[in-house]
file target-v7.tsv (TSV, C-alpha atoms)
chain	number	residue	atom	x	y	z
R	1	MET	CA	2.03	14.97	-5.01
R	2	ASP	CA	5.23	15.46	-6.99
R	3	LYS	CA	7.19	13.00	-4.80
R	4	GLN	CA	4.40	10.43	-4.88
R	5	LYS	CA	4.24	7.73	-7.50
R	6	ARG	CA	1.22	7.96	-9.79
R	7	TYR	CA	0.95	4.20	-10.34
R	8	LEU	CA	0.86	2.05	-7.22
R	9	GLU	CA	1.29	-1.70	-6.93
R	10	ILE	CA	-2.06	-3.26	-6.11
R	11	GLY	CA	-1.47	-6.99	-6.64
R	12	LYS	CA	0.15	-9.80	-8.57
R	13	ILE	CA	-1.41	-12.19	-11.07
R	14	VAL	CA	-0.65	-15.65	-9.65
R	15	THR	CA	-2.51	-18.10	-11.91
R	16	THR	CA	-5.41	-18.62	-14.29
R	17	HIS	CA	-8.99	-19.35	-13.18
R	18	GLY	CA	-11.27	-21.50	-15.30
R	19	ILE	CA	-11.22	-21.62	-19.09
R	20	ALA	CA	-12.61	-18.20	-20.05
R	21	GLY	CA	-9.46	-16.13	-19.53
R	22	GLU	CA	-9.96	-15.13	-15.90
R	23	VAL	CA	-6.93	-14.75	-13.63
R	24	ARG	CA	-6.38	-15.02	-9.90
R	25	VAL	CA	-4.75	-11.99	-8.36
R	26	GLN	CA	-3.07	-11.85	-4.96
R	27	PRO	CA	-4.28	-8.40	-3.81
R	28	TRP	CA	-1.89	-6.06	-2.01
R	29	CYS	CA	-4.54	-3.71	-0.67
R	30	SER	CA	-6.64	-3.45	2.46
R	31	SER	CA	-9.89	-4.95	1.15
R	32	PRO	CA	-11.51	-6.74	-1.80
R	33	ASP	CA	-13.89	-3.76	-2.16
R	34	PHE	CA	-10.95	-1.42	-2.70
R	35	PHE	CA	-9.52	-3.70	-5.38
R	36	ALA	CA	-12.88	-4.26	-7.08
R	37	GLN	CA	-13.55	-0.52	-7.58
R	38	PHE	CA	-11.16	-0.16	-10.54
R	39	GLU	CA	-12.35	-0.15	-14.14
R	40	GLN	CA	-8.76	-0.10	-15.38
R	41	LEU	CA	-5.58	-1.59	-13.99
R	42	TYR	CA	-2.12	-1.23	-15.43
R	43	LEU	CA	1.00	-3.21	-16.23
R	44	ARG	CA	4.57	-1.87	-16.28
R	45	ARG	CA	3.86	1.14	-14.05
R	46	GLY	CA	1.12	2.50	-16.28
R	47	ALA	CA	2.66	1.71	-19.66
R	48	GLU	CA	-0.11	-0.76	-20.56
R	49	THR	CA	-3.80	-0.48	-19.65
R	50	LEU	CA	-6.03	-3.46	-18.88
R	51	GLU	CA	-9.81	-2.90	-18.88
R	52	VAL	CA	-11.48	-4.74	-15.99
R	53	VAL	CA	-14.67	-6.52	-17.06
R	54	ARG	CA	-15.33	-7.88	-13.56
R	55	ALA	CA	-13.48	-8.56	-10.31
R	56	ARG	CA	-14.71	-10.61	-7.39
R	57	PRO	CA	-13.20	-12.04	-4.21
R	58	HIS	CA	-12.58	-15.79	-4.15
R	59	LYS	CA	-11.06	-17.24	-0.97
R	60	ASN	CA	-7.87	-15.18	-0.38
R	61	VAL	CA	-7.53	-13.88	-3.96
R	62	MET	CA	-9.43	-11.78	-6.47
R	63	VAL	CA	-10.71	-13.38	-9.67
R	64	VAL	CA	-10.43	-10.84	-12.47
R	65	LYS	CA	-11.63	-10.85	-16.07
R	66	PHE	CA	-9.86	-8.41	-18.38
R	67	ALA	CA	-11.27	-7.31	-21.74
R	68	GLY	CA	-9.61	-9.17	-24.61
R	69	VAL	CA	-8.22	-11.92	-22.39
R	70	ASP	CA	-10.59	-14.72	-23.37
R	71	THR	CA	-8.55	-17.93	-23.29
R	72	VAL	CA	-6.43	-19.84	-20.82
R	73	ASP	CA	-3.38	-19.18	-23.03
R	74	ALA	CA	-3.99	-15.41	-23.00
R	75	ALA	CA	-4.50	-15.49	-19.22
R	76	SER	CA	-1.37	-17.64	-18.76
R	77	ALA	CA	0.72	-14.95	-20.46
R	78	LEU	CA	-0.18	-12.62	-17.56
R	79	ILE	CA	0.99	-14.91	-14.72
R	80	GLY	CA	3.62	-13.24	-12.57
R	81	LYS	CA	2.77	-9.71	-13.74
R	82	ILE	CA	2.38	-6.93	-11.19
R	83	LEU	CA	-0.84	-4.90	-11.44
R	84	TYR	CA	-0.90	-1.17	-10.73
R	85	CYS	CA	-3.70	1.27	-9.98
R	86	ASP	CA	-3.69	4.95	-10.86
R	87	ARG	CA	-3.74	7.05	-7.67
R	88	GLU	CA	-5.71	9.71	-9.55
R	89	GLN	CA	-8.63	7.24	-9.72
R	90	VAL	CA	-8.65	6.74	-5.95
R	91	SER	CA	-10.17	8.84	-3.23
R	92	LEU	CA	-8.96	7.82	0.24
R	93	PRO	CA	-10.84	8.68	3.44
R	94	GLU	CA	-9.38	11.49	5.56
R	95	GLY	CA	-6.36	10.30	7.57
R	96	THR	CA	-5.82	7.24	5.34
R	97	TYR	CA	-2.64	6.86	3.31
R	98	PHE	CA	-1.08	4.51	0.81
R	99	ILE	CA	1.63	2.43	2.51
R	100	GLN	CA	4.00	3.30	-0.33
R	101	ASP	CA	3.63	6.99	0.59
R	102	LEU	CA	4.41	6.39	4.27
R	103	ILE	CA	7.61	4.42	3.68
R	104	GLY	CA	10.55	6.81	3.92
R	105	LEU	CA	8.90	9.44	6.12
R	106	THR	CA	11.09	11.00	8.81
R	107	VAL	CA	9.59	10.19	12.21
R	108	ALA	CA	10.04	12.93	14.83
R	109	ASP	CA	8.74	13.76	18.29
R	110	ALA	CA	5.52	15.81	18.29
R	111	GLY	CA	6.56	17.73	21.42
R	112	ASN	CA	10.15	18.30	20.29
R	113	PRO	CA	10.26	18.26	16.44
R	114	GLU	CA	14.09	18.43	16.41
R	115	LEU	CA	14.16	15.00	18.09
R	116	VAL	CA	14.14	12.55	15.17
R	117	TYR	CA	13.53	8.89	15.97
R	118	GLY	CA	14.33	7.59	12.50
R	119	THR	CA	12.70	6.70	9.21
R	120	LEU	CA	9.47	4.78	8.70
R	121	THR	CA	10.70	1.65	6.90
R	122	ASP	CA	7.76	-0.77	6.96
R	123	VAL	CA	4.07	-1.07	7.73
R	124	PHE	CA	2.52	-4.21	9.18
R	125	GLU	CA	-1.23	-4.69	8.88
R	126	THR	CA	-2.22	-6.55	12.04
R	127	GLY	CA	-6.00	-6.36	11.89
R	128	ALA	CA	-6.63	-4.24	14.98
R	129	ASN	CA	-4.36	-1.41	13.88
R	130	ASP	CA	-1.35	-1.02	11.65
R	131	VAL	CA	2.12	-1.11	13.18
R	132	TYR	CA	4.90	1.12	11.82
R	133	GLN	CA	8.54	0.08	11.85
R	134	VAL	CA	10.87	3.00	12.55
R	135	THR	CA	14.57	2.48	11.82
R	136	ASP	CA	17.14	4.79	13.44
R	137	ASP	CA	20.47	5.87	11.96
R	138	LYS	CA	22.21	2.87	13.62
R	139	GLY	CA	19.84	0.39	11.96
R	140	ASN	CA	17.83	-0.37	15.10
R	141	ASN	CA	14.12	-1.01	14.56
R	142	VAL	CA	11.29	0.05	16.85
R	143	LEU	CA	7.66	-0.89	16.25
R	144	ILE	CA	5.04	1.74	17.01
R	145	PRO	CA	1.27	1.28	16.93
R	146	ALA	CA	-0.49	3.43	14.32
R	147	ILE	CA	-3.12	4.73	16.72
R	148	PRO	CA	-4.34	8.30	17.30
R	149	ASP	CA	-2.66	8.48	20.75
R	150	VAL	CA	0.73	7.92	19.07
R	151	ILE	CA	0.49	9.35	15.54
R	152	GLN	CA	-0.05	13.09	15.92
R	153	LYS	CA	0.61	14.39	12.42
R	154	THR	CA	1.38	12.93	9.00
R	155	ASP	CA	2.64	15.41	6.41
R	156	LEU	CA	3.41	13.63	3.15
R	157	ALA	CA	4.41	16.86	1.38
R	158	ALA	CA	7.05	17.56	4.06
R	159	GLY	CA	8.08	13.89	4.26
R	160	ARG	CA	7.43	13.86	8.02
R	161	MET	CA	5.42	12.14	10.70
R	162	GLU	CA	5.22	13.44	14.26
R	163	ILE	CA	4.51	11.01	17.08
R	164	THR	CA	4.03	10.88	20.82
R	165	PRO	CA	5.65	7.52	21.60
R	166	LEU	CA	4.34	5.21	24.28
R	167	LYS	CA	6.58	5.03	27.36
R	168	GLY	CA	9.53	2.70	26.95
R	169	LEU	CA	9.59	2.55	23.15
R	170	PHE	CA	12.75	4.62	22.76
R	171	ASP	CA	15.89	4.37	24.94
R	172	HIS	CA	16.04	8.02	26.03
R	173	GLU	CA	12.71	7.84	27.91
R	174	ASP	CA	12.37	7.31	31.66
call {"tool": "encode", "arguments": {"input": "target-v7.tsv", "output": "structure tokens"}}
result
Amino acid sequence: MDKQKRYLEIGKIVTTHGIAGEVRVQPWCSSPDFFAQFEQLYLRRGAETLEVVRARPHKNVMVVKFAGVDTVDAASALIGKILYCDREQVSLPEGTYFIQDLIGLTVADAGNPELVYGTLTDVFETGANDVYQVTDDKGNNVLIPAIPDVIQKTDLAAGRMEITPLKGLFDHED
């Protein structure tokens, strides 16, 4: 975990909500339930703690009430701020990773680990399954589906992912 960031971006405060100091947060996580589990969130990469009184989904945002933020003016002062969660307060299911931990992994062939396809540079959440963007040393991008048939091994400690690509994804294949 030494290469992994302790505080991870989880959303951005976009506006106020009502007159009691609530804010609307654009969540940057997979589900409202994930966001709503936190009793504390952080500003400035953990430098400032905000106690969560309540958090609930509302349309495409989360409405959050923080302790001590009781007026529209106090809530307005938070607009534009990035919220962070502490990874030590999160337990992910087996085989699930934070996107921020996947970005930068070296992507290699599972059958021939010396064959490196490139670096994982982006993750797209499509609904059915995630799609990983792999960028080679020439700057070319290839999109690979994040499905068990393709992703064979993810080793965050080693900074590596091994894949069995679908036919036709990479130029060297038949």
call {"tool": "residues_around", "arguments": {"input": "target-v7.tsv", "residues": "R:Tyr132", "least_positions_apart": "4", "cutoff": "12 Å", "atoms": "all atoms listed in the file", "output": "list in words"}}
result
Ile99, Leu102, Ile103, Gly104, Leu105, Val107, Gly118, Thr119, Leu120, Thr121, Asp122, Val123, Phe124, Glu125, Thr126, Asn141, Val142, Leu143, Ile144, Pro145, Ala146, Ile147, Val150, Ile151, Met161, Ile163 and Pro165 of chain R
call {"tool": "residues_around", "arguments": {"input": "target-v7.tsv", "residues": "R:Gly11", "least_positions_apart": "6", "cutoff": "9 Å", "atoms": "all atoms listed in the file", "output": "list in words"}}
result
Val25, Gln26, Pro27, Trp28, Cys29, Phe35, Lys81, Ile82, Leu83 and Tyr84 of chain R
call {"tool": "atom_distance", "arguments": {"input": "target-v7.tsv", "atom1": "atom CA of R:Gln100", "atom2": "atom CA of R:Leu50"}}
result
22.1 Å
call {"tool": "residues_near_point", "arguments": {"input": "target-v7.tsv", "point": "(-9.3, -17.1, -16.3)", "cutoff": "10 Å", "atoms": "all atoms listed in the file", "output": "PyMOL selection string"}}
result
chain R and resi 15-24+63-66+69-76
call {"tool": "closest_residue", "arguments": {"input": "target-v7.tsv", "among": "R:Ala77, R:Val134, R:Arg45, R:Phe34", "to": "R:Pro57", "atoms": "all atoms listed in the file"}}
result
R:Phe34
call {"tool": "closest_residue", "arguments": {"input": "target-v7.tsv", "among": "R:Gln4, R:Phe98, R:Val52, R:Ser30", "to": "R:Gly159", "atoms": "only C-alpha atoms"}}
result
R:Gln4
call {"tool": "closest_residue", "arguments": {"input": "target-v7.tsv", "among": "R:Gly68, R:Gly95, R:Gly46, R:Gly127", "to": "R:Glu9", "atoms": "all atoms listed in the file"}}
result
R:Gly46
call {"tool": "closest_residue", "arguments": {"input": "target-v7.tsv", "among": "R:Leu8, R:Ala108, R:Val131, R:Leu156", "to": "R:Asp86", "atoms": "only C-alpha atoms"}}
result
R:Leu8
call {"tool": "build_atoms", "arguments": {"input": "target-v7.tsv", "residues": "stretch 131-152 of chain R", "atoms": "N, CA, C and O atoms", "output": "PDB file, in the frame of the given file"}}
result
ATOM      1  N   VAL R 131       0.928  -1.322  12.370  1.00  0.00           N
ATOM      2  CA  VAL R 131       2.120  -1.110  13.180  1.00  0.00           C
ATOM      3  C   VAL R 131       3.207  -0.596  12.244  1.00  0.00           C
ATOM      4  O   VAL R 131       3.435  -1.168  11.178  1.00  0.00           O
ATOM      5  N   TYR R 132       3.844   0.510  12.634  1.00  0.00           N
ATOM      6  CA  TYR R 132       4.900   1.120  11.820  1.00  0.00           C
ATOM      7  C   TYR R 132       6.263   0.730  12.365  1.00  0.00           C
ATOM      8  O   TYR R 132       6.492   0.797  13.574  1.00  0.00           O
ATOM      9  N   GLN R 133       7.157   0.349  11.468  1.00  0.00           N
ATOM     10  CA  GLN R 133       8.540   0.080  11.850  1.00  0.00           C
ATOM     11  C   GLN R 133       9.352   1.339  11.602  1.00  0.00           C
ATOM     12  O   GLN R 133       9.371   1.860  10.497  1.00  0.00           O
ATOM     13  N   VAL R 134      10.017   1.816  12.644  1.00  0.00           N
ATOM     14  CA  VAL R 134      10.870   3.000  12.550  1.00  0.00           C
ATOM     15  C   VAL R 134      12.312   2.527  12.738  1.00  0.00           C
ATOM     16  O   VAL R 134      12.630   1.857  13.725  1.00  0.00           O
ATOM     17  N   THR R 135      13.166   2.885  11.784  1.00  0.00           N
ATOM     18  CA  THR R 135      14.570   2.480  11.820  1.00  0.00           C
ATOM     19  C   THR R 135      15.428   3.706  12.078  1.00  0.00           C
ATOM     20  O   THR R 135      15.331   4.697  11.348  1.00  0.00           O
ATOM     21  N   ASP R 136      16.279   3.641  13.127  1.00  0.00           N
ATOM     22  CA  ASP R 136      17.140   4.790  13.440  1.00  0.00           C
ATOM     23  C   ASP R 136      18.406   4.757  12.608  1.00  0.00           C
ATOM     24  O   ASP R 136      18.629   3.822  11.822  1.00  0.00           O
ATOM     25  N   ASP R 137      19.258   5.765  12.795  1.00  0.00           N
ATOM     26  CA  ASP R 137      20.470   5.870  11.960  1.00  0.00           C
ATOM     27  C   ASP R 137      21.494   4.785  12.247  1.00  0.00           C
ATOM     28  O   ASP R 137      22.458   4.618  11.502  1.00  0.00           O
ATOM     29  N   LYS R 138      21.308   3.992  13.322  1.00  0.00           N
ATOM     30  CA  LYS R 138      22.210   2.870  13.620  1.00  0.00           C
ATOM     31  C   LYS R 138      21.646   1.547  13.103  1.00  0.00           C
ATOM     32  O   LYS R 138      22.251   0.498  13.296  1.00  0.00           O
ATOM     33  N   GLY R 139      20.447   1.605  12.491  1.00  0.00           N
ATOM     34  CA  GLY R 139      19.840   0.390  11.960  1.00  0.00           C
ATOM     35  C   GLY R 139      18.945  -0.341  12.939  1.00  0.00           C
ATOM     36  O   GLY R 139      18.467  -1.433  12.648  1.00  0.00           O
ATOM     37  N   ASN R 140      18.720   0.250  14.117  1.00  0.00           N
ATOM     38  CA  ASN R 140      17.830  -0.370  15.100  1.00  0.00           C
ATOM     39  C   ASN R 140      16.379  -0.113  14.723  1.00  0.00           C
ATOM     40  O   ASN R 140      16.030   0.998  14.313  1.00  0.00           O
ATOM     41  N   ASN R 141      15.539  -1.127  14.892  1.00  0.00           N
ATOM     42  CA  ASN R 141      14.120  -1.010  14.560  1.00  0.00           C
ATOM     43  C   ASN R 141      13.271  -0.924  15.816  1.00  0.00           C
ATOM     44  O   ASN R 141      13.516  -1.645  16.781  1.00  0.00           O
ATOM     45  N   VAL R 142      12.275  -0.058  15.779  1.00  0.00           N
ATOM     46  CA  VAL R 142      11.290   0.050  16.850  1.00  0.00           C
ATOM     47  C   VAL R 142       9.927  -0.014  16.179  1.00  0.00           C
ATOM     48  O   VAL R 142       9.700   0.605  15.131  1.00  0.00           O
ATOM     49  N   LEU R 143       9.029  -0.785  16.763  1.00  0.00           N
ATOM     50  CA  LEU R 143       7.660  -0.890  16.250  1.00  0.00           C
ATOM     51  C   LEU R 143       6.749   0.013  17.050  1.00  0.00           C
ATOM     52  O   LEU R 143       6.764  -0.020  18.287  1.00  0.00           O
ATOM     53  N   ILE R 144       5.975   0.836  16.334  1.00  0.00           N
ATOM     54  CA  ILE R 144       5.040   1.740  17.010  1.00  0.00           C
ATOM     55  C   ILE R 144       3.632   1.479  16.490  1.00  0.00           C
ATOM     56  O   ILE R 144       3.440   1.251  15.294  1.00  0.00           O
ATOM     57  N   PRO R 145       2.647   1.490  17.383  1.00  0.00           N
ATOM     58  CA  PRO R 145       1.270   1.280  16.930  1.00  0.00           C
ATOM     59  C   PRO R 145       0.763   2.530  16.192  1.00  0.00           C
ATOM     60  O   PRO R 145       0.999   3.655  16.627  1.00  0.00           O
ATOM     61  N   ALA R 146       0.082   2.317  15.092  1.00  0.00           N
ATOM     62  CA  ALA R 146      -0.490   3.430  14.320  1.00  0.00           C
ATOM     63  C   ALA R 146      -1.877   3.733  14.876  1.00  0.00           C
ATOM     64  O   ALA R 146      -2.903   3.400  14.288  1.00  0.00           O
ATOM     65  N   ILE R 147      -1.868   4.363  16.048  1.00  0.00           N
ATOM     66  CA  ILE R 147      -3.120   4.730  16.720  1.00  0.00           C
ATOM     67  C   ILE R 147      -3.103   6.235  16.983  1.00  0.00           C
ATOM     68  O   ILE R 147      -2.035   6.838  17.048  1.00  0.00           O
ATOM     69  N   PRO R 148      -4.278   6.840  17.111  1.00  0.00           N
ATOM     70  CA  PRO R 148      -4.340   8.300  17.300  1.00  0.00           C
ATOM     71  C   PRO R 148      -3.550   8.828  18.497  1.00  0.00           C
ATOM     72  O   PRO R 148      -3.050   9.946  18.450  1.00  0.00           O
ATOM     73  N   ASP R 149      -3.428   8.033  19.584  1.00  0.00           N
ATOM     74  CA  ASP R 149      -2.660   8.480  20.750  1.00  0.00           C
ATOM     75  C   ASP R 149      -1.176   8.635  20.420  1.00  0.00           C
ATOM     76  O   ASP R 149      -0.475   9.389  21.082  1.00  0.00           O
ATOM     77  N   VAL R 150      -0.694   7.909  19.421  1.00  0.00           N
ATOM     78  CA  VAL R 150       0.730   7.920  19.070  1.00  0.00           C
ATOM     79  C   VAL R 150       0.996   8.812  17.849  1.00  0.00           C
ATOM     80  O   VAL R 150       1.866   9.670  17.865  1.00  0.00           O
ATOM     81  N   ILE R 151       0.265   8.609  16.782  1.00  0.00           N
ATOM     82  CA  ILE R 151       0.490   9.350  15.540  1.00  0.00           C
ATOM     83  C   ILE R 151      -0.223  10.697  15.637  1.00  0.00           C
ATOM     84  O   ILE R 151      -1.450  10.755  15.602  1.00  0.00           O
ATOM     85  N   GLN R 152       0.537  11.758  15.753  1.00  0.00           N
ATOM     86  CA  GLN R 152      -0.050  13.090  15.920  1.00  0.00           C
ATOM     87  C   GLN R 152      -0.252  13.821  14.610  1.00  0.00           C
ATOM     88  O   GLN R 152      -1.225  14.543  14.435  1.00  0.00           O
TER      89      GLN R 152
END
